[in-house]
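Participant: What follows is data28.cif; its format and atoms are mmCIF, C-alpha atoms.
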data_coords
#
loop_
_atom_site.label_atom_id
_atom_site.label_comp_id
_atom_site.auth_asym_id
_atom_site.auth_seq_id
_atom_site.Cartn_x
_atom_site.Cartn_y
_atom_site.Cartn_z
CA PHE A 1 -12.69 6.91 13.44
CA THR A 2 -10.72 4.07 11.93
CA THR A 3 -11.91 1.81 9.16
CA TYR A 4 -10.12 0.19 6.26
CA ILE A 5 -10.95 -0.29 2.61
CA GLY A 6 -13.75 -2.78 2.00
CA TRP A 7 -11.57 -5.50 0.43
CA LEU A 8 -9.82 -5.99 3.75
CA TYR A 9 -13.13 -6.38 5.52
CA ASP A 10 -16.64 -5.83 4.26
CA TYR A 11 -17.75 -3.65 1.37
CA ALA A 12 -20.76 -2.64 3.46
CA THR A 13 -18.48 -0.91 5.96
CA PRO A 14 -18.51 2.87 5.46
CA PHE A 15 -15.11 4.33 4.67
CA CYS A 16 -13.95 7.70 5.97
CA PHE A 17 -10.56 9.19 5.21
CA ILE A 18 -8.22 12.11 5.69
CA PRO A 19 -6.60 13.21 2.41
CA PRO A 20 -3.13 14.76 2.34
CA SER A 21 -4.80 17.90 0.97
CA LEU A 22 -8.32 18.80 -0.08
CA GLU A 23 -7.12 18.95 -3.70
CA ASP A 24 -6.57 15.16 -3.51
CA VAL A 25 -10.17 14.28 -2.61
CA ASP A 26 -11.46 13.78 -6.17
CA SER A 27 -8.61 11.49 -7.21
CA ILE A 28 -8.87 9.47 -3.98
CA LEU A 29 -12.63 9.09 -4.40
CA ALA A 30 -12.11 7.96 -8.01
CA ALA A 31 -9.55 5.37 -6.88
CA LEU A 32 -11.87 4.12 -4.14
CA ARG A 33 -14.80 3.83 -6.51
CA ALA A 34 -12.60 1.97 -9.01
CA VAL A 35 -12.25 -0.84 -6.47
CA GLY A 36 -15.90 -0.79 -5.38
CA VAL A 37 -15.78 1.42 -2.30
CA ASP A 38 -18.79 3.70 -2.74
CA ASP A 39 -19.96 4.34 0.83
CA VAL A 40 -17.84 7.34 1.86
CA PRO A 41 -20.00 9.24 4.35
CA ALA A 42 -17.28 11.59 5.57
CA ILE A 43 -14.01 13.11 4.50
CA PHE A 44 -12.04 14.89 7.17
CA ALA A 45 -9.88 17.91 6.46
CA PRO A 46 -6.13 17.37 6.86
CA GLU A 47 -6.16 19.81 9.79
CA VAL A 48 -7.71 17.13 12.04
CA VAL A 49 -4.33 15.41 12.14
CA SER A 50 -2.06 16.79 14.79
CA PRO A 51 1.46 17.83 13.77
CA GLN A 52 2.66 15.38 16.42
CA ASP A 53 0.92 12.44 14.70
CA PRO A 54 3.50 10.31 12.91
CA ALA A 55 3.29 10.31 9.12
CA LEU A 56 3.40 7.05 7.23
CA PRO A 57 7.03 6.43 6.27
CA VAL A 58 7.55 6.50 2.50
CA ILE A 59 10.32 5.72 0.04
CA SER A 60 10.79 6.64 -3.61
CA ALA A 61 11.83 4.20 -6.33
CA ALA A 62 15.21 5.94 -6.58
CA GLU A 63 15.80 5.57 -2.83
CA LEU A 64 14.71 1.93 -2.96
CA ALA A 65 17.03 1.26 -5.91
CA ALA A 66 19.94 2.55 -3.84
CA ARG A 67 18.95 0.41 -0.83
CA LEU A 68 17.87 -2.72 -2.71
CA PRO A 69 21.31 -4.35 -2.81
CA GLN A 70 21.27 -4.47 1.00
CA ASN A 71 20.21 -7.76 2.51
CA GLY A 72 17.01 -8.07 4.43
CA ILE A 73 14.67 -5.74 2.57
CA ARG A 74 11.33 -7.41 1.83
CA ILE A 75 9.15 -5.96 -0.91
CA VAL A 76 5.49 -6.87 -0.64
CA ASP A 77 3.52 -6.38 -3.87
CA VAL A 78 -0.17 -6.02 -2.99
CA ARG A 79 -1.56 -5.86 -6.53
CA GLY A 80 -3.75 -8.46 -8.17
CA TYR A 81 -2.13 -11.65 -9.45
CA SER A 82 -2.40 -10.71 -13.14
CA GLU A 83 -0.79 -7.32 -12.45
CA TYR A 84 1.99 -9.02 -10.51
CA CYS A 85 2.60 -11.60 -13.26
CA GLU A 86 2.68 -8.96 -15.98
CA GLU A 87 5.62 -7.21 -14.30
CA HIS A 88 6.93 -7.05 -10.74
CA ILE A 89 10.04 -6.00 -8.88
CA VAL A 90 12.57 -8.83 -8.76
CA GLY A 91 12.27 -10.68 -5.45
CA ALA A 92 8.93 -9.09 -4.50
CA GLN A 93 6.59 -11.23 -2.43
CA HIS A 94 3.06 -11.24 -3.83
CA VAL A 95 0.33 -10.82 -1.22
CA LEU A 96 -3.00 -9.62 -2.58
CA LEU A 97 -4.17 -6.68 -0.50
CA GLY A 98 -7.42 -8.45 0.37
CA ALA A 99 -5.47 -11.50 1.60
CA LEU A 100 -3.11 -9.52 3.81
CA PRO A 101 -4.87 -10.51 7.07
CA GLN A 102 -4.24 -14.19 6.28
CA HIS A 103 -0.52 -13.62 5.54
CA LEU A 104 0.67 -11.71 8.59
CA ASP A 105 2.96 -14.59 9.58
CA ASP A 106 4.62 -14.42 6.13
CA ILE A 107 5.72 -10.81 6.60
CA PRO A 108 8.82 -10.17 8.72
CA ARG A 109 8.59 -7.94 11.76
CA THR A 110 12.34 -7.47 12.20
CA THR A 111 13.50 -6.43 8.72
CA PRO A 112 12.45 -3.50 6.53
CA VAL A 113 9.26 -4.14 4.55
CA ILE A 114 8.37 -2.03 1.51
CA THR A 115 4.76 -2.20 0.32
CA GLN A 116 4.15 -1.43 -3.36
CA CYS A 117 1.44 -1.49 -6.00
CA ALA A 118 0.74 0.20 -9.34
CA SER A 119 -0.15 3.67 -8.08
CA GLY A 120 0.76 3.84 -4.40
CA TYR A 121 -2.85 3.82 -3.12
CA ARG A 122 -3.21 0.11 -2.31
CA SER A 123 0.31 -0.07 -0.91
CA GLN A 124 -0.41 2.94 1.30
CA ILE A 125 -3.44 1.14 2.69
CA ALA A 126 -1.37 -2.02 3.20
CA ALA A 127 1.44 -0.15 4.96
CA SER A 128 -0.99 1.71 7.19
CA TRP A 129 -2.89 -1.48 8.00
CA LEU A 130 0.32 -3.38 8.83
CA ARG A 131 1.66 -0.53 10.98
CA ALA A 132 -1.63 -0.48 12.92
CA ARG A 133 -0.94 -4.15 13.71
CA GLY A 134 2.52 -3.58 15.12
CA PHE A 135 4.71 -3.80 12.02
CA ASP A 136 6.94 -0.83 12.83
CA ASN A 137 9.33 -1.52 9.96
CA VAL A 138 6.86 -0.95 7.07
CA VAL A 139 7.45 1.78 4.48
CA ASN A 140 5.29 2.63 1.45
CA LEU A 141 6.75 2.93 -2.06
CA THR A 142 5.06 6.09 -3.30
CA ASP A 143 6.06 5.96 -6.96
CA SER A 144 3.77 4.48 -9.60
CA LYS A 145 4.58 1.50 -11.80
CA ALA A 146 5.52 3.90 -14.60
CA VAL A 147 8.37 5.12 -12.35
CA TRP A 148 9.44 2.02 -10.40
CA SER A 149 9.46 -0.21 -13.48
CA LYS A 150 12.15 2.05 -14.98
CA GLN A 151 14.26 2.44 -11.82
CA LEU A 152 14.15 -1.05 -10.30
CA PRO A 153 14.92 -4.50 -11.73
CA THR A 154 11.70 -6.19 -12.83
CA THR A 155 10.59 -9.56 -14.11
CA HIS A 156 7.35 -11.37 -14.93
CA CYS A 157 5.82 -14.74 -14.14
CA ALA A 158 6.89 -17.65 -16.33
CA GLU A 159 4.12 -18.83 -18.60
#
Once you've parsed the file, please lay out its structure as C-alpha cells.
Facilitator:
Amino acid sequence: FTTYIGWLYDYATPFCFIPPSLEDVDSILAALRAVGVDDVPAIFAPEVVSPQDPALPVISAAELAARLPQNGIRIVDVRGYSEYCEEHIVGAQHVLLGALPQHLDDIPRTTPVITQCASGYRSQIAASWLRARGFDNVVNLTDSKAVWSKQLPTTHCAE
C-alpha cells in the first residue's frame, strides 16, 4: 500500500506508513500532524518489510562534509522558502517538497543527489518519492539542522 504525504498530492488521501521501530510511531505521527496530515488509518509494524527489501540510502552530515568537495554532488533542500533563506547549505538547490513533482527535470539522474531538510523527515519523503520515480542516485541526509549547520558550510539568502 503506497501513498505519499498529502502535500505531494491531496490532503484527503489517507496516509499509511511503516516506522523504523514501533518506538518511533509517536514522533512520526506528531511530525505528520504538524504538516496537516491527520488521516492515518494504519501503521504497519516494521516486520512487514522483508530483509531483502532495500533500505533508503542515507548519509550523515560528517560523511557529506567529507564528500562535498567532490564535483557533481547535488544537494536538494526541500524545506519551505523562509527556512531555506534563514540558513542553507552552500550550493543547495531549493525545491519545496510540495513542488517536487514539477521539478523532476531540474534534478539530475546521473550524479549523486542528497535530499535534506530541518529534521530528516521531509527529506526522507523526498528521497523515497524520487527513488520510486527512477532516481537511483538519491540519498537522504539524516542529520537535523542543528547538526548539519555546524558540520557543513552554510549561507543565507541576501536581503
Participant: Hey, which of A:Val48, A:Ala30, A:Val78, A:Cys117 ends up closest to A:Trp148? Count all atoms listed in the file.
Facilitator: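 Closest candidate: A:Cys117.
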Participant: I'd like the residues picked by the PyMOL selection byres ((chain A and resi 91) around 10) written out as a ChimeraX atom specification, using the chain letters and numbers from the file.
Facilitator: /A:73-77,88-90,92-94,153-155
Participant: Could you please take those selected residues and save C-alpha atoms as a short mmCIF file (atom, residue, chain, number, x, y, z; two decimals), keeping the file's coordinate frame?
Facilitator:
data_model
loop_
_atom_site.label_atom_id
_atom_site.label_comp_id
_atom_site.auth_asym_id
_atom_site.auth_seq_id
_atom_site.Cartn_x
_atom_site.Cartn_y
_atom_site.Cartn_z
CA ILE A 73 14.67 -5.74 2.57
CA ARG A 74 11.33 -7.41 1.83
CA ILE A 75 9.15 -5.96 -0.91
CA VAL A 76 5.49 -6.87 -0.64
CA ASP A 77 3.52 -6.38 -3.87
CA HIS A 88 6.93 -7.05 -10.74
CA ILE A 89 10.04 -6.00 -8.88
CA VAL A 90 12.57 -8.83 -8.76
CA ALA A 92 8.93 -9.09 -4.50
CA GLN A 93 6.59 -11.23 -2.43
CA HIS A 94 3.06 -11.24 -3.83
CA PRO A 153 14.92 -4.50 -11.73
CA THR A 154 11.70 -6.19 -12.83
CA THR A 155 10.59 -9.56 -14.11
#
Participant: Could you list, as a list in words, every residue within 7 Å of A:Pro14, counting only C-alpha atoms and ignoring same-chain residues fewer than 6 positions away?
Facilitator: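 Once the nearby chain positions are removed, what remains is Asp39, Val40 and Pro41 of chain A.
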Participant: Pick out the residues sitting within 9 Å of A:Tyr81, and hand them over as a count of residues only; count all atoms listed in the file, and ignore anything fewer than 4 positions along from it in its own chain.
Facilitator: 5
Participant: May I ask which of the residues A:Val147, A:Cys16, A:Ala158, A:Leu56 is the closest one to A:Arg131, counting all atoms listed in the file?
Facilitator: A:Leu56
Participant: Which polymer residues have any atom within 10 Å of an atom of A:Ala31, counting only C-alpha atoms, with same-chain residues fewer than 4 positions away left out, as a VMD selection string?
Facilitator: chain A and resid 25 to 27 35 to 37 119 121 to 122
Participant: Interatomic distance between atom CA of A:Ala65 and atom CA of A:Pro19?
Facilitator: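 One can read the atom CA of A:Ala65 to atom CA of A:Pro19 distance as 27.8 Å.
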Participant: With a distance cut-off of 9 Å and all atoms listed in the file, select the neighbouring residues of A:Leu97, excluding the residue or stretch itself and same-chain residues fewer than 6 positions from it, and output the selection as number ranges by chain.
Facilitator: A: 7-8, 77-80, 122-123, 125-126
Participant: Write out the residues from the selection above, keeping C-alpha atoms, as a compact mmCIF listing (two decimals), in the frame of the given file.
Facilitator:
# COMPACT_ATOMS: atom_id res chain seq x y z
CA TRP A 7 -11.57 -5.50 0.43
CA LEU A 8 -9.82 -5.99 3.75
CA ASP A 77 3.52 -6.38 -3.87
CA VAL A 78 -0.17 -6.02 -2.99
CA ARG A 79 -1.56 -5.86 -6.53
CA GLY A 80 -3.75 -8.46 -8.17
CA ARG A 122 -3.21 0.11 -2.31
CA SER A 123 0.31 -0.07 -0.91
CA ILE A 125 -3.44 1.14 2.69
CA ALA A 126 -1.37 -2.02 3.20
Participant: Would you mind reading off the distance between atom CA of A:Phe15 and atom CA of A:Leu32, one decimal, in Å?
Facilitator: 9.4 Å
